[in-house]
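Asks: Next up is a structure, given as structure tokens.
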There are 4 protein chains.
Amino acid sequence: MTINIGVFGATGYTGLELIGILENHPGVEVIFATSESSAGKSLRELSPRAPDLFLIPSAEAPFDQIDCAFLCLPHTRSAPIAAKALTQGVKVVDLSADLRLDDPAVYEQWYKVAHSNPELLPVPYGIPELFEREKLMKAACIANPGCYATAALLGIIPLASSDLFLPGTPIIVDAKSGVSGAGRTPKSHTLFCEVYGNFYPYAIGRAHRHVSEIEQEMVRAGLEAGRLIFSPHLLPTDRGIIATVYAQVSDMEAALEAFAGQFVGEPLIHLLPEGELASLAHVTRTPLAAISLTPVTDSLLIVSVAIDNLLKGASSQAVQNFNLMFGLDEMLGLLPVRGGIA
Amino acid sequence: MTINIGVFGATGYTGLELIGILENHPGVEVIFATSESSAGKSLRELSPRAPDLFLIPSAEAPFDQIDCAFLCLPHTRSAPIAAKALTQGVKVVDLSADLRLDDPAVYEQWYKVAHSNPELLPVPYGIPELFEREKLMKAACIANPGCYATAALLGIIPLASSDLFLPGTPIIVDAKSGVSGAGRTPKSHTLFCEVYGNFYPYAIGRAHRHVSEIEQEMVRAGLEAGRLIFSPHLLPTDRGIIATVYAQVSDMEAALEAFAGQFVGEPLIHLLPEGELASLAHVTRTPLAAISLTPVTDSLLIVSVAIDNLLKGASSQAVQNFNLMFGLDEMLGLLPVRGGIA
Amino acid sequence: MTINIGVFGATGYTGLELIGILENHPGVEVIFATSESSAGKSLRELSPRAPDLFLIPSAEAPFDQIDCAFLCLPHTRSAPIAAKALTQGVKVVDLSADLRLDDPAVYEQWYKVAHSNPELLPVPYGIPELFEREKLMKAACIANPGCYATAALLGIIPLASSDLFLPGTPIIVDAKSGVSGAGRTPKSHTLFCEVYGNFYPYAIGRAHRHVSEIEQEMVRAGLEAGRLIFSPHLLPTDRGIIATVYAQVSDMEAALEAFAGQFVGEPLIHLLPEGELASLAHVTRTPLAAISLTPVTDSLLIVSVAIDNLLKGASSQAVQNFNLMFGLDEMLGLLPVRGGIA
Amino acid sequence: MTINIGVFGATGYTGLELIGILENHPGVEVIFATSESSAGKSLRELSPRAPDLFLIPSAEAPFDQIDCAFLCLPHTRSAPIAAKALTQGVKVVDLSADLRLDDPAVYEQWYKVAHSNPELLPVPYGIPELFEREKLMKAACIANPGCYATAALLGIIPLASSDLFLPGTPIIVDAKSGVSGAGRTPKSHTLFCEVYGNFYPYAIGRAHRHVSEIEQEMVRAGLEAGRLIFSPHLLPTDRGIIATVYAQVSDMEAALEAFAGQFVGEPLIHLLPEGELASLAHVTRTPLAAISLTPVTDSLLIVSVAIDNLLKGASSQAVQNFNLMFGLDEMLGLLPVRGGIA
């Protein structure tokens, strides 16, 4: 039995990566792919490795031909299509920010626009290794987390769930991301010559939009709001995130055990042996996360989390969530990873 | 005596580099800088190293306050401003393609638009080391050559002037350029993620616009039209051009002497010793050209030419031409070059 | 039935890529891997994505446990091991240069050392899409071609086999390779800071060792020796080769047909549609070659060939040859390629 | 009056950058340059932009011909040469780690070797904008700080001197450096292919050797030892450091004023206006430091410091210290900086 798929917003980096995964996924067929700006063209014209998929405008998408819609759309454009799909009995994995925040008022605060479809909220937030898998398995709609949020939460939640953060201390996440996280729409600051040889912080402190979804999950895990300090930096490379988490913990041994316990048996999470630190080379072009734990003092733990922002931070996690939704093996289409060097 | 300068189109890469040179040039003052899209801002907001120059729209440029206008504008927008400047007694160095071709019909053929100011043509074409310096010294207006054209002609003209090309053979220039040659306007193909890890030919054969100006000068030097084969490639780096010229010559010894003779005493042209090949590391961020000669057989000579596309291929050559125009030392503001590693 | 494999020289880039392919190849098991400098360690310590393979010195390699040896060794070290393997009935795919040249005198001329095992020569040269597949299928030992040689020959042999080169004209190959082609042994010129922002020609003309194997095959295809002009350049990227071939042909239509005929039905060779030029983005991290044909004049054809130097230029071609040797599907373990963006 | 200079260890990155600065410094002449591995060659053979300086082994250095020795040597090799120079009345700027730590026991603890010349200690530590300029002006010998240490201390000392850190809180420095910081000796981990597309933390917590010199100065400024958490990361670029300092402060307004007060009138320190964050583009290839201050909460301040590791982090700071030592204008040979884009 083949599950029929529609991909909305196929020409951006997450859309292209998603289609790349789905091409080799044994249980699915991509029935259509949409693009507003490139409708009428083949996806192949827009990316030398893409399949020869004819692009249609999303308004012409035949929902009756698909079982699941993946939404790789900008925020505000995604929620209305999710609503339309769900109405017609089509399941949804939404890779935009539209369905990640439970509270539409919080959405409006961070995204400076009223939520178009508050009736859809809340929606399960899909990081299977951290949050209730059962909910994801029964969901008709899943909010796929942001790339920075995935990396940060993989380093924070195991400690938060076990109540191991020292009260009153800031939880500092110094994060660094490759340029593909900024999307494929041409902008000055993502031009080759602006990035090459450069590196810089941006929206540091509590200004980046992913603060909202990271803190929502931190609060759900029992932490008070306001403790996250989140500093993104733009790396002069194409893909990959390293989040370096500085955690002051009440019990170092318990902290290390919390990670071991959280991720035992998780095929995509590589908790590295002592002395080996997470690097982009562990994860780029794979659905994996690599995590290393460095106790520095009795109370200060550095957690280094590496993911590929387009995969575990977006498209492969979306397929993981999809697999759960449809009762498939969670790893279908994701493992084994390609070997060799990065 | 200070020469007063206006820079038109200050926010692109050639404009920024030009202003960088002029800042440390002892004989000039930049009176104004223009930008259409960023008028009202300071140049400093657009580039972290730029001086705090207030940007005005070109329509408000006070020509009566300047002695010389540097035009770093797109083709079609440049010629009308050159005409206006010249009318008011302001000298012009035009870095666009508008004034490079003697014949407006040839311009129209390559740029697909009628020439707006054919009355200005012809204008001296400014590569001082190759063409008549006397003309440049008396000129009110100089056409500053294209970056690829500068590199190709440095490798071709010494042979052409001495009539050393074997009759009937193609003259092949395999050229590779860093991304800044494509300008600073955001476009898909110059995004970081599209260039990083990539490399490719484009507009190869006789399709690139610089074929027109290269062949104009080849013909002027006595070669028949149609012999140039020119293949540009996009390098995944920010700046620099290597042009690899494959020349079939009638007399190898004379060919080597032709280069030595052409460039003797030229401080910006480094004819490398035998066995050392031209590299970007010789030239990036300098006004220099590095040239190496590799005789392969009795008749086949490989000429490798390296320049910085933004400097010898644009802005420093513009200052060289400016210095000549105003009777200054040709090297003023250009030498000595900064030392150290690239 | 599983074919048992030994990999000699597992810690270099071609060794690592080869093991990456073999890990997911359904018909093989890697029994051992060798390294002189890292014997006693796990391959995993040397590369974050490698499997946990214990490394042994080649002197301790148990040939009786394997059916096939892949030799990813430097030249001079490879041939003696090939001889030892063959004596014990173990088939060999040699990725070094040791077995590529039929004539030991030519080997000595280019590699400046007498051939250690001339009794092994000649050995079939394995580019299945170009040369006799039948020979490869029956071979006990295959010489896997050099990376530059693979790229150049894909662009030359279709024309040479059909006798389409204009007599007396040079055959110019301007080639550009990523840095992994220089191997993993630390050397000054492959340090990050020496390559970053740089680009340069090296060993141009007829000086690079791959000239010998390219010309051997050109001569076998009917061309006279001495016509190849081969100019390698070092690209500031990790992997990939573009070879730009300038061919003067006697019949352009026949030339285009020669390529179509040569590569019809070949799953790894993508002859691109008119107007699309080969790029590294078509091929990196895949076993594919992308080829574009650009007729410029009636007689001048530019052939652009793109391959991944570590895959079609080394390890995936080695597996292709292995598959043929053992009567397996030639594409086993190689297709389908991973989708998504580069 | 020309000051005569000897450069020890001229062929590494800091040596080359230093010679590049000294070439254009109006008050000095480089009399000799040393190299053990390349003695007998010209520096020009080792770097395409270097001057034609003949290299001698350090044992043959004629101390009697120079007024000042710059030591760009590995630790342990530097101190004995400093001692020899000082004995002969030659002043010393030591860019190695040998003279940075006041206490030889601390040196031995971090560098795992007894100090060869404890009689030389202590030596003034040369960051003129932070520490006593008067001492530097009178010094016969100056210890030039490490690159990471310079960046970290520029962000920490203004707060420490004014006693503004909240007692008991960790002082976290998340630092990122380009690859040239690792030197020019070929090693596996600095090969192009190992760095390209990669990014990773190393020696994080309190393991990196620069912790010792940073904490020495922190303690001197009144902080208790043990509070520094220092996490270096390797950036895939050639040069530049960003240090992101997370400081918990007792009085935010006073903290901002501390920086303004510390750096008022310092031409090399650019305290950026509110809203502009420090980037490598502000500083690479310049002697500048760019510093931005981001208050996040009432008590949490993020200080972002950008320098070029080879210049303010090494060679230009060495020239600054030299200028002070010899009673020259501190900025001689350093300003004005080259304009244009990065």
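Ligands are numbered from 1 in the order shown, chains are lettered A, B, ... in the order of the structure tokens, and residues start at 1 in each chain.
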Compile the contact shell of segment 164-177 of chain B as a list in words: residues with an atom at most 6 Å away, counting only C-alpha atoms, same-chain residues fewer than 6 positions apart removed.

Replies: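 Near segment 164-177 of chain B, the qualifying residues are Arg227, Leu228, Ile229, Phe230, Ser231, Pro232, His233, Leu234, Leu235, Gly240, Ile241, Ile242, Ala243, Thr244, Val245, Tyr246, Ala247, Gln248, Val249 and Ser250 of chain B.
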
Asks: Write the residues of the selection above to a file with N, CA, C and O atoms, as a CSV table (one decimal), in the first residue's frame.

Replies:
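Full text of result_23.csv as output:
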```csv
chain,number,residue,atom,x,y,z
B,227,ARG,N,38.1,34.4,-33.7
B,227,ARG,CA,39.0,33.3,-33.3
B,227,ARG,C,39.0,33.1,-31.8
B,227,ARG,O,39.5,32.1,-31.3
B,228,LEU,N,38.4,34.0,-31.1
B,228,LEU,CA,38.3,33.8,-29.6
B,228,LEU,C,37.3,32.7,-29.2
B,228,LEU,O,36.1,32.8,-29.6
B,229,ILE,N,37.8,31.8,-28.3
B,229,ILE,CA,36.9,30.9,-27.7
B,229,ILE,C,37.0,31.2,-26.2
B,229,ILE,O,38.1,31.1,-25.6
B,230,PHE,N,36.0,31.6,-25.5
B,230,PHE,CA,36.1,32.2,-24.2
B,230,PHE,C,35.1,31.4,-23.3
B,230,PHE,O,33.9,31.4,-23.5
B,231,SER,N,35.6,30.8,-22.3
B,231,SER,CA,34.8,29.9,-21.4
B,231,SER,C,34.9,30.3,-19.9
B,231,SER,O,35.8,29.9,-19.2
B,232,PRO,N,34.0,31.1,-19.5
B,232,PRO,CA,34.0,31.5,-18.1
B,232,PRO,C,33.4,30.4,-17.2
B,232,PRO,O,32.6,29.6,-17.6
B,233,HIS,N,34.0,30.3,-16.0
B,233,HIS,CA,33.5,29.3,-15.0
B,233,HIS,C,33.3,30.1,-13.6
B,233,HIS,O,34.1,31.0,-13.4
B,234,LEU,N,32.4,29.7,-12.8
B,234,LEU,CA,32.2,30.4,-11.5
B,234,LEU,C,32.9,29.6,-10.4
B,234,LEU,O,32.6,28.5,-10.1
B,235,LEU,N,33.9,30.3,-9.8
B,235,LEU,CA,34.7,29.7,-8.7
B,235,LEU,C,34.0,29.9,-7.4
B,235,LEU,O,33.5,31.0,-7.1
B,240,GLY,N,38.7,37.3,-7.4
B,240,GLY,CA,39.9,36.8,-8.2
B,240,GLY,C,39.5,36.1,-9.5
B,240,GLY,O,38.4,35.5,-9.5
B,241,ILE,N,40.3,36.3,-10.5
B,241,ILE,CA,40.1,35.6,-11.8
B,241,ILE,C,41.4,35.0,-12.2
B,241,ILE,O,42.5,35.5,-12.0
B,242,ILE,N,41.3,33.7,-12.7
B,242,ILE,CA,42.5,33.1,-13.4
B,242,ILE,C,42.0,32.9,-14.8
B,242,ILE,O,40.9,32.3,-15.0
B,243,ALA,N,42.7,33.5,-15.8
B,243,ALA,CA,42.4,33.2,-17.2
B,243,ALA,C,43.6,32.3,-17.7
B,243,ALA,O,44.7,32.7,-17.6
B,244,THR,N,43.2,31.1,-18.2
B,244,THR,CA,44.2,30.2,-18.7
B,244,THR,C,44.1,30.3,-20.3
B,244,THR,O,43.1,29.9,-20.8
B,245,VAL,N,45.1,30.9,-20.9
B,245,VAL,CA,45.1,31.1,-22.3
B,245,VAL,C,45.9,30.0,-23.1
B,245,VAL,O,47.1,29.8,-22.7
B,246,TYR,N,45.3,29.4,-24.0
B,246,TYR,CA,45.9,28.3,-24.8
B,246,TYR,C,46.2,29.0,-26.2
B,246,TYR,O,45.3,29.2,-27.0
B,247,ALA,N,47.5,29.3,-26.4
B,247,ALA,CA,47.9,30.0,-27.6
B,247,ALA,C,48.8,29.1,-28.5
B,247,ALA,O,49.8,28.6,-28.0
B,248,GLN,N,48.4,29.0,-29.8
B,248,GLN,CA,49.3,28.3,-30.7
B,248,GLN,C,50.1,29.4,-31.4
B,248,GLN,O,49.6,30.3,-32.1
B,249,VAL,N,51.5,29.3,-31.2
B,249,VAL,CA,52.3,30.5,-31.7
B,249,VAL,C,53.3,30.0,-32.7
B,249,VAL,O,53.6,28.8,-32.8
B,250,SER,N,53.7,31.0,-33.5
B,250,SER,CA,54.6,30.6,-34.6
B,250,SER,C,56.1,30.6,-34.2
B,250,SER,O,56.9,30.0,-34.9
```

Asks: Could you write out as a VMD selection string the residues of chain D within 9 Å of chain B, counting only C-alpha atoms?

Replies: chain D and resid 13 to 24 47 to 51 197 279 281 to 283 285 336 to 342

Asks: What lies within 9 Å of segment 205-216 of chain A using only C-alpha atoms, ignoring chain neighbours under 4 positions off, as a PyMOL selection string?

Replies: (chain A and resi 97+100-102+106-107+110-111+145-150+152-153+220-221+223-232) or (chain D and resi 294-297+300-302)

Asks: With C-alpha atoms retained, could you export that selection as a short mmCIF file (atom, residue, chain, number, x, y, z; two decimals), in the first residue's frame?

Replies:
```cif
data_model
loop_
_atom_site.label_atom_id
_atom_site.label_comp_id
_atom_site.auth_asym_id
_atom_site.auth_seq_id
_atom_site.Cartn_x
_atom_site.Cartn_y
_atom_site.Cartn_z
CA ALA A 97 6.19 27.92 12.39
CA ARG A 100 4.19 25.20 16.75
CA LEU A 101 2.89 27.57 19.39
CA ASP A 102 -0.12 26.46 21.40
CA VAL A 106 2.14 34.14 21.70
CA TYR A 107 2.26 33.57 17.94
CA TRP A 110 6.55 36.81 17.98
CA TYR A 111 5.38 36.79 14.38
CA PRO A 145 9.89 21.95 15.10
CA GLY A 146 12.32 24.65 14.04
CA CYS A 147 15.93 23.71 13.35
CA TYR A 148 17.44 25.72 16.20
CA ALA A 149 14.63 24.57 18.50
CA THR A 150 15.33 20.92 17.77
CA ALA A 152 18.43 23.37 21.71
CA LEU A 153 15.71 21.11 23.08
CA ARG A 220 5.92 22.30 29.65
CA ALA A 221 8.85 20.36 31.14
CA LEU A 223 10.99 25.26 34.00
CA GLU A 224 9.89 28.83 34.60
CA ALA A 225 9.75 31.12 31.56
CA GLY A 226 12.46 33.67 30.94
CA ARG A 227 15.51 31.58 31.73
CA LEU A 228 16.59 30.88 28.17
CA ILE A 229 19.43 32.94 26.71
CA PHE A 230 19.70 32.02 23.06
CA SER A 231 22.42 33.36 20.77
CA PRO A 232 22.38 32.32 17.12
CA THR D 294 23.78 43.32 24.20
CA PRO D 295 21.95 43.62 27.51
CA VAL D 296 19.40 40.80 27.62
CA THR D 297 17.95 41.03 31.10
CA LEU D 300 22.72 39.30 31.76
CA LEU D 301 24.98 41.06 29.31
CA ILE D 302 26.33 39.51 26.11
#
```

Asks: Suppose you want the space between atom CA of Phe54 of chain C and atom CA of Thr11 of chain C; what is it in Å?

Replies: 11.4 Å

Asks: One decimal, in Å: what's the spacing between atom CA of Lys91 of chain D and atom CA of Cys141 of chain D?

Replies: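 Between atom CA of Lys91 of chain D and atom CA of Cys141 of chain D the gap is 5.7 Å.
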
Asks: May I ask which of the residues C:Leu121, C:Ile3, C:Leu154, C:Leu99 is the closest one to Ala306 of chain C, counting only C-alpha atoms?

Replies: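 Of all the options, C:Leu154 lies closest to Ala306 of chain C.
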
Asks: Taking only segment 61-170 of chain A into account, list the residues labelled strand (DSSP E or B) by DSSP (computed from the backbone), as a list in words.

Replies: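 DSSP on the backbone gives strand (DSSP E or B) at Cys68, Ala69, Phe70, Leu71, Lys91, Val92, Val93, Asp94, Tyr125, Cys141, Ile142, Ala143 and Phe165 of chain A.
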
Asks: What is the atom CA of Gln317 of chain B-atom CA of Leu159 of chain B distance in Å, reported with one decimal?

Replies: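 Calculated distance between atom CA of Gln317 of chain B and atom CA of Leu159 of chain B is 21.9 Å.
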
Asks: Ala139 of chain D: which residues within 10 Å, counting only C-alpha atoms, same-chain residues fewer than 3 positions away excluded, as a PDB file with N, CA and C atoms, in the first residue's frame?

Replies:
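File part-v6.pdb, as written:
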```
ATOM      1  N   LYS D  91      66.015  44.337  22.485  1.00  0.00           N
ATOM      2  CA  LYS D  91      64.671  44.232  23.049  1.00  0.00           C
ATOM      3  C   LYS D  91      63.901  43.082  22.390  1.00  0.00           C
ATOM      4  N   VAL D  92      62.861  42.638  23.073  1.00  0.00           N
ATOM      5  CA  VAL D  92      62.148  41.440  22.616  1.00  0.00           C
ATOM      6  C   VAL D  92      60.638  41.635  22.689  1.00  0.00           C
ATOM      7  N   VAL D  93      59.967  41.295  21.592  1.00  0.00           N
ATOM      8  CA  VAL D  93      58.519  41.069  21.636  1.00  0.00           C
ATOM      9  C   VAL D  93      58.308  39.599  21.353  1.00  0.00           C
ATOM     10  N   VAL D 123      57.050  39.252  32.953  1.00  0.00           N
ATOM     11  CA  VAL D 123      57.265  40.147  31.825  1.00  0.00           C
ATOM     12  C   VAL D 123      55.934  40.865  31.575  1.00  0.00           C
ATOM     13  N   PRO D 124      55.954  42.146  31.227  1.00  0.00           N
ATOM     14  CA  PRO D 124      54.663  42.813  30.982  1.00  0.00           C
ATOM     15  C   PRO D 124      53.878  42.135  29.857  1.00  0.00           C
ATOM     16  N   ARG D 133      49.962  50.877  30.122  1.00  0.00           N
ATOM     17  CA  ARG D 133      50.786  51.296  28.986  1.00  0.00           C
ATOM     18  C   ARG D 133      52.160  51.764  29.432  1.00  0.00           C
ATOM     19  N   GLU D 134      52.239  52.355  30.599  1.00  0.00           N
ATOM     20  CA  GLU D 134      53.525  52.884  31.066  1.00  0.00           C
ATOM     21  C   GLU D 134      54.541  51.753  31.181  1.00  0.00           C
ATOM     22  N   LYS D 135      54.107  50.655  31.719  1.00  0.00           N
ATOM     23  CA  LYS D 135      55.004  49.506  31.850  1.00  0.00           C
ATOM     24  C   LYS D 135      55.502  49.037  30.482  1.00  0.00           C
ATOM     25  N   LEU D 136      54.592  49.026  29.526  1.00  0.00           N
ATOM     26  CA  LEU D 136      54.981  48.578  28.182  1.00  0.00           C
ATOM     27  C   LEU D 136      55.997  49.534  27.570  1.00  0.00           C
ATOM     28  N   ILE D 142      58.410  42.219  26.091  1.00  0.00           N
ATOM     29  CA  ILE D 142      56.956  42.173  26.257  1.00  0.00           C
ATOM     30  C   ILE D 142      56.456  40.805  25.828  1.00  0.00           C
ATOM     31  N   ASN D 321      52.861  46.927  20.534  1.00  0.00           N
ATOM     32  CA  ASN D 321      53.738  46.837  21.703  1.00  0.00           C
ATOM     33  C   ASN D 321      55.147  47.325  21.384  1.00  0.00           C
ATOM     34  N   PHE D 322      55.636  46.967  20.223  1.00  0.00           N
ATOM     35  CA  PHE D 322      56.957  47.426  19.767  1.00  0.00           C
ATOM     36  C   PHE D 322      57.001  48.951  19.689  1.00  0.00           C
ATOM     37  N   LEU D 324      55.286  51.094  21.302  1.00  0.00           N
ATOM     38  CA  LEU D 324      55.332  51.643  22.659  1.00  0.00           C
ATOM     39  C   LEU D 324      56.731  51.512  23.260  1.00  0.00           C
ATOM     40  N   MET D 325      57.293  50.352  23.139  1.00  0.00           N
ATOM     41  CA  MET D 325      58.641  50.069  23.668  1.00  0.00           C
ATOM     42  C   MET D 325      59.681  51.054  23.182  1.00  0.00           C
ATOM     43  N   PHE D 326      59.550  51.451  21.911  1.00  0.00           N
ATOM     44  CA  PHE D 326      60.570  52.302  21.305  1.00  0.00           C
ATOM     45  C   PHE D 326      60.145  53.762  21.244  1.00  0.00           C
TER      46      PHE D 326
END
```

Asks: Quick one: residues within 7 Å of segment 70-77 of chain A, only C-alpha atoms counted, chain neighbours fewer than 2 positions away excluded, as a PyMOL selection string?

Replies: chain A and resi 6-10+14-15+68+79-80+92-98

Asks: Leaving out Asp64 of chain C and any residue of its chain fewer than 2 positions from it, which residues lie within 12 Å of it when counting only C-alpha atoms, given as a PyMOL selection string?

Replies: chain C and resi 4-6+31-32+60-62+66-69+84-91
